[in-house]
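So this block is entry-v1.csv, CSV, C-alpha atoms:
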```
chain,number,residue,atom,x,y,z
A,1,MET,CA,-17.5,1.2,-31.8
A,2,SER,CA,-18.9,4.4,-33.2
A,3,GLY,CA,-19.3,4.9,-36.9
A,4,ARG,CA,-16.6,6.7,-38.8
A,5,GLY,CA,-17.2,10.2,-40.2
A,6,ASN,CA,-19.0,10.2,-43.5
A,7,THR,CA,-16.9,11.9,-46.1
A,8,GLY,CA,-20.1,13.3,-47.7
A,9,ASN,CA,-19.5,15.4,-50.8
A,10,GLN,CA,-15.7,15.5,-50.5
A,11,PRO,CA,-14.7,11.8,-50.1
A,12,ASN,CA,-11.0,12.4,-50.7
A,13,ILE,CA,-10.5,15.0,-48.0
A,14,VAL,CA,-9.4,13.8,-44.7
A,15,ARG,CA,-9.4,16.5,-42.1
A,16,ASP,CA,-7.0,16.6,-39.3
A,17,TYR,CA,-7.8,18.4,-36.1
A,18,LYS,CA,-5.4,19.7,-33.6
A,19,LYS,CA,-7.9,19.8,-30.8
A,20,ALA,CA,-10.3,17.0,-30.1
A,21,PHE,CA,-14.0,17.4,-29.8
A,22,GLY,CA,-17.1,15.2,-29.8
A,23,GLN,CA,-20.8,15.4,-29.7
A,24,PHE,CA,-22.8,12.4,-28.5
A,25,SER,CA,-26.4,11.7,-28.0
A,26,SER,CA,-28.8,8.9,-27.2
A,27,ASN,CA,-32.2,8.4,-29.0
A,28,ARG,CA,-33.3,5.8,-26.5
A,29,THR,CA,-35.3,6.4,-23.4
A,30,GLN,CA,-33.5,5.1,-20.4
A,31,ARG,CA,-35.3,4.7,-17.1
A,32,LEU,CA,-33.8,3.6,-13.8
A,33,GLU,CA,-34.5,0.0,-12.9
A,34,SER,CA,-32.3,-0.1,-9.8
A,35,LEU,CA,-31.5,2.3,-7.0
A,36,LYS,CA,-27.8,1.8,-7.8
A,37,PRO,CA,-26.0,4.3,-10.0
A,38,CYS,CA,-26.6,3.6,-13.6
A,39,GLU,CA,-24.5,4.5,-16.7
A,40,ILE,CA,-26.2,6.4,-19.4
A,41,GLU,CA,-25.8,4.7,-22.7
A,42,LEU,CA,-25.1,6.7,-25.9
A,43,ASP,CA,-25.9,5.5,-29.3
A,44,SER,CA,-24.8,8.1,-31.8
A,45,GLN,CA,-22.0,10.5,-32.5
A,46,GLU,CA,-22.2,13.5,-34.7
A,47,ASP,CA,-20.5,13.3,-38.0
A,48,VAL,CA,-17.3,15.2,-38.4
A,49,ALA,CA,-17.6,16.1,-42.1
A,50,GLY,CA,-14.9,14.1,-43.7
A,51,GLY,CA,-12.6,14.0,-40.7
A,52,VAL,CA,-11.8,11.3,-38.2
A,53,HIS,CA,-13.6,11.2,-34.9
A,54,THR,CA,-11.2,12.6,-32.3
A,55,ILE,CA,-13.1,11.0,-29.5
A,56,ASP,CA,-14.7,7.5,-29.5
A,57,PHE,CA,-17.5,5.9,-27.7
A,58,GLU,CA,-18.8,2.4,-26.9
A,59,LYS,CA,-22.2,2.3,-25.3
A,60,GLY,CA,-21.8,4.5,-22.2
A,61,ASP,CA,-18.1,4.8,-22.4
A,62,ILE,CA,-16.6,7.9,-24.0
A,63,VAL,CA,-13.0,7.1,-24.9
A,64,ILE,CA,-10.5,9.9,-25.1
A,65,LYS,CA,-8.0,9.6,-27.8
A,66,GLN,CA,-5.9,12.7,-27.2
A,67,SER,CA,-4.6,13.9,-23.8
A,68,GLY,CA,-5.6,17.3,-22.7
A,69,ILE,CA,-8.0,19.4,-20.7
A,70,TYR,CA,-11.6,19.1,-21.8
A,71,LEU,CA,-14.9,20.9,-21.2
A,72,ILE,CA,-17.7,18.5,-20.8
A,73,ILE,CA,-21.4,19.5,-21.1
A,74,ALA,CA,-24.1,16.9,-20.7
A,75,CYS,CA,-27.8,17.8,-21.0
A,76,PRO,CA,-30.1,15.0,-20.0
A,77,GLN,CA,-33.8,15.3,-20.9
A,78,ILE,CA,-35.5,14.2,-17.7
A,79,GLY,CA,-39.0,12.9,-17.1
A,80,LYS,CA,-41.0,10.3,-15.3
A,81,VAL,CA,-43.9,8.0,-16.1
A,82,ARG,CA,-46.2,8.1,-13.0
A,83,GLY,CA,-46.7,9.6,-9.6
A,84,THR,CA,-47.1,13.1,-8.3
A,85,ILE,CA,-44.7,13.0,-5.4
A,86,PRO,CA,-41.6,15.1,-6.0
A,87,ARG,CA,-38.7,12.8,-6.7
A,88,TRP,CA,-35.0,13.7,-7.1
A,89,ILE,CA,-32.7,12.4,-9.8
A,90,ASP,CA,-29.0,13.0,-9.8
A,91,PHE,CA,-26.4,13.1,-12.6
A,92,TRP,CA,-22.6,13.1,-12.4
A,93,VAL,CA,-19.5,12.2,-14.2
A,94,ARG,CA,-17.4,9.1,-13.7
A,95,LEU,CA,-13.8,8.9,-14.9
A,96,ASN,CA,-12.1,5.5,-15.2
A,97,ASN,CA,-14.8,3.9,-13.0
A,98,VAL,CA,-14.1,6.5,-10.3
A,99,ASP,CA,-16.8,9.2,-9.5
A,100,VAL,CA,-15.5,12.7,-10.2
A,101,PRO,CA,-15.9,14.9,-7.1
A,102,ASN,CA,-18.1,18.1,-7.3
A,103,SER,CA,-19.7,17.1,-10.6
A,104,ASN,CA,-23.0,15.9,-9.2
A,105,ILE,CA,-26.2,17.8,-9.9
A,106,ARG,CA,-29.8,17.1,-8.8
A,107,THR,CA,-33.2,18.0,-10.0
A,108,VAL,CA,-36.7,17.2,-8.7
A,109,ILE,CA,-39.5,16.1,-10.9
A,110,MET,CA,-43.1,16.5,-9.7
A,111,ASP,CA,-45.4,14.9,-12.2
A,112,PRO,CA,-45.2,13.0,-15.6
A,113,GLN,CA,-46.1,16.1,-17.6
A,114,GLU,CA,-43.0,17.9,-16.4
A,115,LYS,CA,-40.0,17.7,-18.7
A,116,THR,CA,-36.8,19.3,-17.8
A,117,VAL,CA,-33.2,19.6,-19.0
A,118,VAL,CA,-30.4,19.9,-16.5
A,119,PRO,CA,-27.0,21.0,-17.8
A,120,LEU,CA,-24.1,19.2,-16.2
A,121,ASN,CA,-20.7,20.7,-16.9
A,122,ALA,CA,-17.1,20.0,-15.8
A,123,VAL,CA,-13.6,20.7,-16.9
A,124,LEU,CA,-11.3,17.8,-16.5
A,125,PRO,CA,-7.8,16.8,-17.5
A,126,PHE,CA,-7.9,13.5,-19.5
A,127,ASN,CA,-5.2,11.2,-20.7
A,128,ARG,CA,-5.3,9.2,-23.9
A,129,GLY,CA,-7.4,6.1,-23.2
A,130,ASP,CA,-9.4,7.6,-20.3
A,131,THR,CA,-13.1,6.7,-20.2
A,132,LEU,CA,-15.8,9.0,-19.2
A,133,ASN,CA,-19.3,8.0,-18.2
A,134,ILE,CA,-22.4,10.1,-17.4
A,135,MET,CA,-24.1,8.5,-14.4
A,136,MET,CA,-27.5,8.8,-13.0
A,137,ALA,CA,-29.3,7.7,-9.8
A,138,ALA,CA,-32.8,8.4,-8.5
A,139,GLU,CA,-34.8,8.4,-5.4
A,140,THR,CA,-37.2,5.7,-6.5
A,141,ILE,CA,-37.5,3.1,-9.2
A,142,GLY,CA,-41.3,2.7,-9.1
A,143,GLU,CA,-42.2,5.9,-11.0
A,144,GLY,CA,-40.2,5.5,-14.2
A,145,LEU,CA,-37.7,8.2,-13.5
A,146,GLY,CA,-35.0,8.6,-16.1
A,147,ILE,CA,-34.1,10.3,-19.3
A,148,GLU,CA,-36.5,10.4,-22.2
A,149,ALA,CA,-36.2,10.6,-25.9
A,150,ILE,CA,-39.2,12.4,-27.4
A,151,GLN,CA,-40.3,12.3,-31.0
A,152,PRO,CA,-42.4,15.4,-31.7
A,153,ASP,CA,-44.3,15.7,-35.0
A,154,GLY,CA,-42.6,17.7,-37.7
A,155,GLU,CA,-39.5,18.2,-35.6
A,156,PRO,CA,-36.2,16.4,-35.1
A,157,THR,CA,-36.1,13.8,-32.4
A,158,ILE,CA,-35.3,15.2,-29.0
A,159,PRO,CA,-32.5,12.9,-27.7
A,160,SER,CA,-32.6,11.7,-24.2
A,161,ILE,CA,-29.1,13.1,-23.6
A,162,ILE,CA,-26.7,15.3,-25.5
A,163,VAL,CA,-23.1,15.2,-24.5
A,164,THR,CA,-20.5,17.7,-25.8
A,165,LEU,CA,-16.8,17.4,-25.2
A,166,VAL,CA,-14.3,20.1,-26.4
A,167,GLN,CA,-10.6,20.1,-25.8
A,168,LEU,CA,-9.5,23.4,-24.4
A,169,ASP,CA,-5.7,23.3,-24.5
B,1,MET,CA,64.2,47.9,22.0
B,2,ALA,CA,64.1,50.3,24.9
B,3,ALA,CA,67.0,52.3,23.4
B,4,ALA,CA,65.2,52.5,20.1
B,5,VAL,CA,62.1,53.8,21.9
B,6,GLU,CA,64.1,56.4,23.7
B,7,GLU,CA,65.8,57.5,20.4
B,8,ARG,CA,62.5,58.0,18.6
B,9,ASP,CA,61.7,61.5,17.6
B,10,SER,CA,58.9,63.0,19.7
B,11,THR,CA,57.3,64.6,16.7
B,12,CYS,CA,56.7,61.3,15.0
B,13,GLY,CA,53.2,59.9,15.3
B,14,THR,CA,52.3,56.4,16.6
B,15,PHE,CA,51.8,55.0,13.1
B,16,ASP,CA,54.5,57.0,11.3
B,17,TRP,CA,57.1,54.9,9.6
B,18,ASN,CA,59.7,56.6,7.4
B,19,GLU,CA,63.4,57.6,7.2
B,20,ARG,CA,63.1,59.8,10.2
B,21,CYS,CA,60.6,57.9,12.3
B,22,ASP,CA,60.9,54.3,13.3
B,23,LEU,CA,57.8,52.3,13.8
B,24,SER,CA,56.4,52.8,17.3
B,25,PRO,CA,56.0,49.8,19.6
B,26,THR,CA,52.2,50.0,19.4
B,27,ALA,CA,52.3,50.1,15.6
B,28,HIS,CA,54.8,47.3,15.7
B,29,LEU,CA,52.4,45.3,17.8
B,30,VAL,CA,49.4,46.0,15.6
B,31,VAL,CA,51.2,45.4,12.3
B,32,GLY,CA,52.7,42.2,13.7
B,33,ASP,CA,49.3,41.0,14.8
B,34,VAL,CA,47.7,41.8,11.5
B,35,LEU,CA,50.4,40.0,9.6
B,36,ILE,CA,50.2,36.9,11.9
B,37,ALA,CA,46.4,36.9,11.8
B,38,GLY,CA,46.4,37.3,8.0
B,39,SER,CA,48.8,34.5,7.4
B,40,ILE,CA,47.0,32.2,9.8
B,41,GLY,CA,43.7,33.2,8.2
B,42,GLY,CA,45.1,32.5,4.8
B,43,VAL,CA,46.4,29.1,5.8
B,44,LEU,CA,43.0,28.2,7.4
B,45,ALA,CA,41.1,29.5,4.4
B,46,PHE,CA,43.2,27.3,2.2
B,47,ILE,CA,42.6,24.3,4.4
B,48,PHE,CA,38.9,24.9,4.7
B,49,TYR,CA,38.7,25.4,0.9
B,50,ARG,CA,40.4,22.1,0.3
B,51,LEU,CA,38.2,20.3,2.8
B,52,GLU,CA,35.0,21.9,1.3
B,53,HIS,CA,36.2,21.0,-2.2
B,54,LYS,CA,36.8,17.4,-1.2
B,55,ASN,CA,33.4,17.2,0.5
B,56,GLN,CA,31.7,18.7,-2.5
B,57,LEU,CA,33.3,16.1,-4.7
B,58,LYS,CA,32.1,13.4,-2.4
B,59,ILE,CA,28.5,14.9,-2.4
B,60,ASP,CA,28.6,15.2,-6.2
B,61,LYS,CA,29.6,11.5,-6.4
B,62,ILE,CA,26.8,10.5,-4.0
B,63,LEU,CA,24.3,12.5,-6.0
B,64,GLU,CA,25.4,11.1,-9.3
B,65,SER,CA,25.2,7.5,-7.9
B,66,GLN,CA,21.7,8.3,-6.5
B,67,GLN,CA,20.6,9.7,-9.9
B,68,ALA,CA,22.0,6.7,-11.7
B,69,LEU,CA,20.1,4.4,-9.2
B,70,ASN,CA,16.9,6.4,-9.8
B,71,GLU,CA,17.3,6.1,-13.6
B,72,ARG,CA,17.9,2.4,-13.3
B,73,ARG,CA,14.8,2.1,-11.1
B,74,LYS,CA,12.8,4.1,-13.6
B,75,ASP,CA,14.0,1.9,-16.5
B,76,TYR,CA,13.2,-1.2,-14.6
B,77,SER,CA,9.7,0.1,-13.6
B,78,VAL,CA,8.7,1.0,-17.1
B,79,GLU,CA,9.9,-2.3,-18.5
B,80,HIS,CA,8.2,-4.2,-15.8
B,81,LEU,CA,5.0,-2.2,-16.3
B,82,LYS,CA,5.1,-2.9,-20.0
B,83,SER,CA,5.4,-6.7,-19.4
B,84,MET,CA,2.7,-6.6,-16.7
B,85,LEU,CA,0.2,-4.7,-18.9
B,86,ASN,CA,0.9,-7.2,-21.7
B,87,LEU,CA,0.1,-9.9,-19.3
B,88,VAL,CA,-3.1,-8.1,-18.4
B,89,ILE,CA,-4.2,-8.1,-22.0
B,90,PHE,CA,-3.2,-11.8,-22.3
B,91,ALA,CA,-5.2,-12.7,-19.2
B,92,MET,CA,-8.2,-10.7,-20.5
B,93,SER,CA,-8.1,-12.4,-23.8
B,94,MET,CA,-7.8,-15.8,-22.2
B,95,MET,CA,-10.9,-14.9,-20.1
B,96,ARG,CA,-12.7,-13.8,-23.2
B,97,GLY,CA,-11.7,-17.1,-24.9
B,98,SER,CA,-13.1,-19.1,-22.0
B,99,ILE,CA,-16.3,-17.1,-22.1
B,100,THR,CA,-16.6,-17.7,-25.9
B,101,HIS,CA,-16.2,-21.4,-25.3
B,102,TYR,CA,-18.7,-21.4,-22.5
B,103,ASN,CA,-21.3,-19.6,-24.6
B,104,ALA,CA,-20.6,-21.9,-27.6
B,105,ALA,CA,-21.2,-24.9,-25.4
B,106,ASN,CA,-24.8,-23.5,-24.8
B,107,MET,CA,-25.6,-24.6,-28.4
B,108,LEU,CA,-24.5,-28.2,-28.0
B,109,LYS,CA,-27.2,-30.8,-28.2
B,110,ASP,CA,-25.5,-33.3,-25.9
B,111,LYS,CA,-26.3,-32.0,-22.4
B,112,GLU,CA,-23.5,-34.1,-20.8
B,113,ASP,CA,-20.9,-32.6,-23.1
B,114,GLN,CA,-22.3,-29.2,-22.5
B,115,LYS,CA,-22.2,-29.5,-18.8
B,116,TRP,CA,-18.7,-30.9,-18.9
B,117,ILE,CA,-17.3,-28.2,-21.2
B,118,GLN,CA,-19.1,-25.4,-19.2
B,119,SER,CA,-17.8,-26.6,-15.9
B,120,THR,CA,-14.3,-26.9,-17.2
B,121,THR,CA,-14.3,-23.5,-18.9
B,122,LEU,CA,-15.8,-22.0,-15.7
B,123,LEU,CA,-12.9,-23.3,-13.7
B,124,GLN,CA,-10.5,-21.9,-16.2
B,125,LEU,CA,-12.3,-18.6,-16.1
B,126,LYS,CA,-12.1,-18.4,-12.3
B,127,GLY,CA,-8.4,-19.2,-12.6
B,128,GLU,CA,-7.8,-16.5,-15.2
B,129,GLU,CA,-9.8,-14.0,-13.1
B,130,GLY,CA,-7.6,-14.7,-10.1
B,131,LYS,CA,-4.5,-14.3,-12.3
B,132,LEU,CA,-5.7,-11.0,-13.6
B,133,GLY,CA,-6.4,-9.8,-10.1
B,134,ARG,CA,-2.8,-10.7,-9.1
B,135,ILE,CA,-1.3,-9.1,-12.1
B,136,LEU,CA,-3.2,-5.9,-11.5
B,137,GLN,CA,-2.1,-5.9,-7.9
B,138,ASN,CA,1.5,-6.3,-9.1
B,139,VAL,CA,1.0,-3.2,-11.4
B,140,ARG,CA,-0.2,-1.2,-8.4
B,141,THR,CA,2.7,-2.4,-6.3
B,142,ILE,CA,5.2,-1.3,-8.9
B,143,LEU,CA,3.4,2.1,-9.1
B,144,VAL,CA,3.7,2.5,-5.3
B,145,ALA,CA,7.3,1.4,-5.2
B,146,SER,CA,8.4,3.7,-8.0
B,147,ASN,CA,6.2,6.7,-7.6
B,148,ASP,CA,9.3,8.7,-6.7
B,149,VAL,CA,11.0,8.1,-10.0
B,150,LEU,CA,8.0,8.0,-12.3
B,151,GLU,CA,6.2,11.3,-13.3
B,152,PRO,CA,2.9,11.8,-11.3
B,153,ASP,CA,1.1,12.1,-14.6
B,154,VAL,CA,2.3,8.7,-15.7
B,155,VAL,CA,1.4,7.1,-12.3
B,156,ASN,CA,-2.1,8.6,-12.5
B,157,ARG,CA,-2.6,7.4,-16.0
B,158,ILE,CA,-1.7,3.8,-15.2
B,159,TRP,CA,-3.6,4.0,-11.9
B,160,GLY,CA,-6.7,5.1,-13.9
B,161,VAL,CA,-6.5,2.1,-16.2
B,162,CYS,CA,-6.0,-0.3,-13.3
B,163,ASN,CA,-9.1,1.2,-11.6
B,164,TYR,CA,-11.1,0.7,-14.7
B,165,VAL,CA,-10.0,-2.8,-15.5
B,166,VAL,CA,-10.3,-4.0,-11.9
B,167,GLY,CA,-13.9,-2.8,-11.8
B,168,ILE,CA,-15.1,-5.0,-14.6
B,169,GLU,CA,-16.5,-8.4,-13.7
B,170,VAL,CA,-17.7,-11.2,-15.9
B,171,GLN,CA,-21.4,-11.4,-15.7
B,172,GLN,CA,-24.0,-14.0,-16.5
B,173,LYS,CA,-27.0,-13.0,-18.5
B,174,GLU,CA,-30.6,-14.1,-18.0
B,175,ASP,CA,-30.3,-16.7,-20.8
B,176,GLY,CA,-27.3,-18.3,-19.1
B,177,SER,CA,-24.6,-17.0,-21.4
B,178,MET,CA,-21.6,-15.2,-20.0
B,179,VAL,CA,-20.4,-11.8,-21.0
B,180,TYR,CA,-17.2,-9.8,-20.4
B,181,PRO,CA,-18.6,-6.3,-20.2
B,182,LYS,CA,-16.5,-3.5,-21.7
B,183,TYR,CA,-13.8,-5.8,-22.9
B,184,ASN,CA,-13.2,-3.7,-26.0
B,185,VAL,CA,-12.9,-0.5,-24.0
B,186,CYS,CA,-10.5,-2.2,-21.5
B,187,ARG,CA,-8.4,-3.5,-24.4
B,188,LEU,CA,-8.4,-0.1,-26.1
B,189,LYS,CA,-7.3,1.6,-22.9
B,190,LEU,CA,-4.5,-0.9,-22.4
B,191,THR,CA,-3.4,-0.6,-26.0
B,192,TYR,CA,-3.2,3.2,-25.7
B,193,LEU,CA,-1.3,2.8,-22.4
B,194,LEU,CA,1.2,0.4,-23.9
B,195,GLN,CA,1.7,2.6,-26.9
B,196,PHE,CA,2.6,5.4,-24.5
B,197,LEU,CA,5.0,3.2,-22.5
B,198,GLN,CA,6.7,2.2,-25.7
B,199,THR,CA,7.8,5.8,-26.2
B,200,TYR,CA,10.1,5.5,-23.2
B,201,SER,CA,13.7,5.8,-24.1
B,202,GLN,CA,16.4,4.3,-21.9
B,203,ALA,CA,18.9,6.7,-23.4
B,204,ASN,CA,17.4,9.9,-21.9
B,205,HIS,CA,15.2,8.1,-19.3
B,206,ALA,CA,12.1,9.9,-20.5
B,207,PHE,CA,8.9,9.4,-22.4
B,208,SER,CA,8.9,11.1,-25.8
B,209,GLU,CA,6.3,13.6,-26.8
B,210,LYS,CA,5.0,11.4,-29.6
B,211,GLU,CA,2.0,12.8,-31.4
B,212,GLU,CA,-1.2,11.0,-30.5
B,213,THR,CA,-3.2,9.7,-33.4
B,214,TYR,CA,-6.9,9.4,-33.6
B,215,GLU,CA,-6.8,5.9,-35.0
B,216,SER,CA,-8.9,3.6,-32.9
B,217,VAL,CA,-8.6,-0.2,-32.6
B,218,GLU,CA,-11.5,-2.2,-33.9
B,219,PHE,CA,-12.1,-5.6,-32.3
B,220,PRO,CA,-14.2,-8.5,-33.5
B,221,SER,CA,-17.6,-8.8,-31.8
B,222,GLU,CA,-18.4,-11.5,-29.4
B,223,LEU,CA,-20.9,-13.0,-31.8
B,224,ALA,CA,-18.2,-13.3,-34.5
B,225,GLU,CA,-15.9,-15.1,-32.1
B,226,VAL,CA,-18.7,-17.6,-31.2
B,227,ARG,CA,-19.2,-18.3,-34.8
B,228,GLU,CA,-15.5,-18.8,-35.3
B,229,VAL,CA,-15.3,-21.3,-32.5
B,230,GLN,CA,-18.3,-23.2,-34.0
B,231,GLN,CA,-16.6,-23.3,-37.4
B,232,GLN,CA,-13.5,-24.7,-35.8
B,233,LYS,CA,-15.5,-27.5,-34.3
```

Any chance you could put this one into structure tokens?
Amino acid sequence: MSGRGNTGNQPNIVRDYKKAFGQFSSNRTQRLESLKPCEIELDSQEDVAGGVHTIDFEKGDIVIKQSGIYLIIACPQIGKVRGTIPRWIDFWVRLNNVDVPNSNIRTVIMDPQEKTVVPLNAVLPFNRGDTLNIMMAAETIGEGLGIEAIQPDGEPTIPSIIVTLVQLD
Amino acid sequence: MAAAVEERDSTCGTFDWNERCDLSPTAHLVVGDVLIAGSIGGVLAFIFYRLEHKNQLKIDKILESQQALNERRKDYSVEHLKSMLNLVIFAMSMMRGSITHYNAANMLKDKEDQKWIQSTTLLQLKGEEGKLGRILQNVRTILVASNDVLEPDVVNRIWGVCNYVVGIEVQQKEDGSMVYPKYNVCRLKLTYLLQFLQTYSQANHAFSEKEETYESVEFPSELAEVREVQQQK
């Protein structure tokens, strides 16, 4: 399960939030190894400065702890390893193992130098305990299509995906 | 009657009725009709009112009994769902236990023992898997049967958890060990759902608006369980 929020300079203060929020990312490059839809795995959650995490995650599963309507924004950093043929890659949202209709987006990658970020957004009602996955599928598996974490010199790491969830109501 | 008509003053109007003028035959007829119609109408109105009142009482009684029946069905559904979901958790932990035993047997030096233990636990695992499937089917049947008494939000929520749990299958890794993917998440979802169902009150036949907490449930890792089994041996 995700790490708890670091209390930082104010260890005795426990913050309580009325609305849930969460920011997740993955610092691992994930390339498709099968033509089947694949769950994107997350490996870190932003600290909440002395508070408790209002949304949890385990690998690719984002677990909602408070019922409500949420805005979801997921931004995968897309790339490929080889090949110059334009290839598509799709991203969508899956809720409780069921694909969410009208959440799918597609981008086309031409060559390995091309890096792009495609924002995926949705507003969905969630119940406590619901699990959310960001899914991806691509046209081919031979060209290393997927999401890439990049480590530039003198800059913070570019995560392979950043997912933001904010409770609206 | 004819004499009375003849004696009537010609200056009196048809509907005049006083000391000097008697009621004319026409007015007599009209007033008589009105009185008769009024009294018949009154009697009929009273009869119809009584009938309608009786019918309304009967309808109210039927509605009340229907409402009571629905409330009983709702109570029963929630209780049944709670026990079924507890059974789901139990079956899942049994499966997890079998997997742990199976994986622990991988480390045995005696290959005969290993084979025997693994084949036995695999059989148990299959049995538990079948049981879990049947329990989940029962949960869905309850939801279908009582979707008219349970709130749509509640039905969707339980349906969502069932969809999630039913999609998880035990997998075998390349090294031969078995794994129950997303066991922790499944258990967490079921725990949250049971916590929600616990808020149901049979007094007012409704779920209470209990404040949801952010506390999450931590579970021991699979590795820790394997070690525990080994220590027990």

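Between CA of Val93 in chain A and CA of Leu124 in chain A there is a distance of 10.2 Å.
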
inquiry  = Based on only C-alpha atoms, which of the residues in chain A come within 10 Å of chain B? I want them as number ranges by chain.
reply    = A: 1-2, 16-17, 20, 52-67, 95-98, 126-131

Between CA of Leu42 in chain A and CA of Leu165 in chain A lies a distance of 13.6 Å

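The point (-37.3, 19.3, -11.8) has these residues within 9 Å of it, counting all atoms listed in the file: Ile78, Gly79, Pro86, Arg87, Trp88, Ile89, Arg106, Thr107, Val108, Ile109, Met110, Glu114, Lys115, Thr116, Val117 and Val118 of chain A.
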
Should you be able to, write range 87-145 of chain A of this structure into a file that contains C-alpha atoms, as a short mmCIF file (atom, residue, chain, number, x, y, z; two decimals), in the first residue's frame.
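The file below, result.cif, is the result:
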```cif
data_model
loop_
_atom_site.label_atom_id
_atom_site.label_comp_id
_atom_site.auth_asym_id
_atom_site.auth_seq_id
_atom_site.Cartn_x
_atom_site.Cartn_y
_atom_site.Cartn_z
CA ARG A 87 1.45 3.41 -34.69
CA TRP A 88 -1.50 4.20 -32.47
CA ILE A 89 -1.69 3.82 -28.73
CA ASP A 90 -4.89 4.16 -26.70
CA PHE A 91 -5.56 5.09 -23.08
CA TRP A 92 -8.77 4.79 -21.14
CA VAL A 93 -10.23 4.44 -17.68
CA ARG A 94 -11.41 1.20 -16.11
CA LEU A 95 -13.64 1.26 -13.04
CA ASN A 96 -14.08 -1.92 -10.97
CA ASN A 97 -12.73 -4.02 -13.84
CA VAL A 98 -15.27 -2.52 -16.24
CA ASP A 99 -14.16 -0.15 -19.01
CA VAL A 100 -15.68 3.31 -18.68
CA PRO A 101 -17.45 4.30 -21.90
CA ASN A 102 -16.36 7.46 -23.73
CA SER A 103 -13.08 7.72 -21.85
CA ASN A 104 -10.80 6.33 -24.55
CA ILE A 105 -8.24 8.53 -26.28
CA ARG A 106 -5.75 7.74 -29.04
CA THR A 107 -2.50 9.18 -30.25
CA VAL A 108 -0.20 8.16 -33.08
CA ILE A 109 3.57 7.96 -32.70
CA MET A 110 5.78 8.15 -35.79
CA ASP A 111 9.35 7.62 -34.67
CA PRO A 112 11.39 7.00 -31.51
CA GLN A 113 12.44 10.67 -31.21
CA GLU A 114 8.85 11.73 -30.85
CA LYS A 115 7.67 12.16 -27.27
CA THR A 116 4.18 13.26 -26.50
CA VAL A 117 1.80 13.68 -23.60
CA VAL A 118 -1.89 13.02 -24.10
CA PRO A 119 -4.24 14.24 -21.40
CA LEU A 120 -7.02 11.86 -20.48
CA ASN A 121 -9.81 13.39 -18.44
CA ALA A 122 -13.09 12.17 -17.03
CA VAL A 123 -15.62 13.02 -14.36
CA LEU A 124 -17.06 10.00 -12.62
CA PRO A 125 -19.10 9.20 -9.53
CA PHE A 126 -17.22 6.88 -7.19
CA ASN A 127 -18.24 4.89 -4.17
CA ARG A 128 -16.00 4.11 -1.25
CA GLY A 129 -13.89 1.12 -2.20
CA ASP A 130 -14.14 1.63 -5.96
CA THR A 131 -10.97 0.93 -7.90
CA LEU A 132 -9.80 2.89 -10.86
CA ASN A 133 -7.24 1.79 -13.42
CA ILE A 134 -5.66 3.63 -16.29
CA MET A 135 -5.44 1.21 -19.19
CA MET A 136 -3.42 1.23 -22.37
CA ALA A 137 -3.37 -0.77 -25.58
CA ALA A 138 -1.34 -0.36 -28.75
CA GLU A 139 -1.36 -1.36 -32.38
CA THR A 140 1.79 -3.44 -32.16
CA ILE A 141 4.14 -4.85 -29.57
CA GLY A 142 7.25 -5.07 -31.69
CA GLU A 143 8.22 -1.39 -31.52
CA GLY A 144 8.36 -0.80 -27.79
CA LEU A 145 5.31 1.42 -27.64
#
```
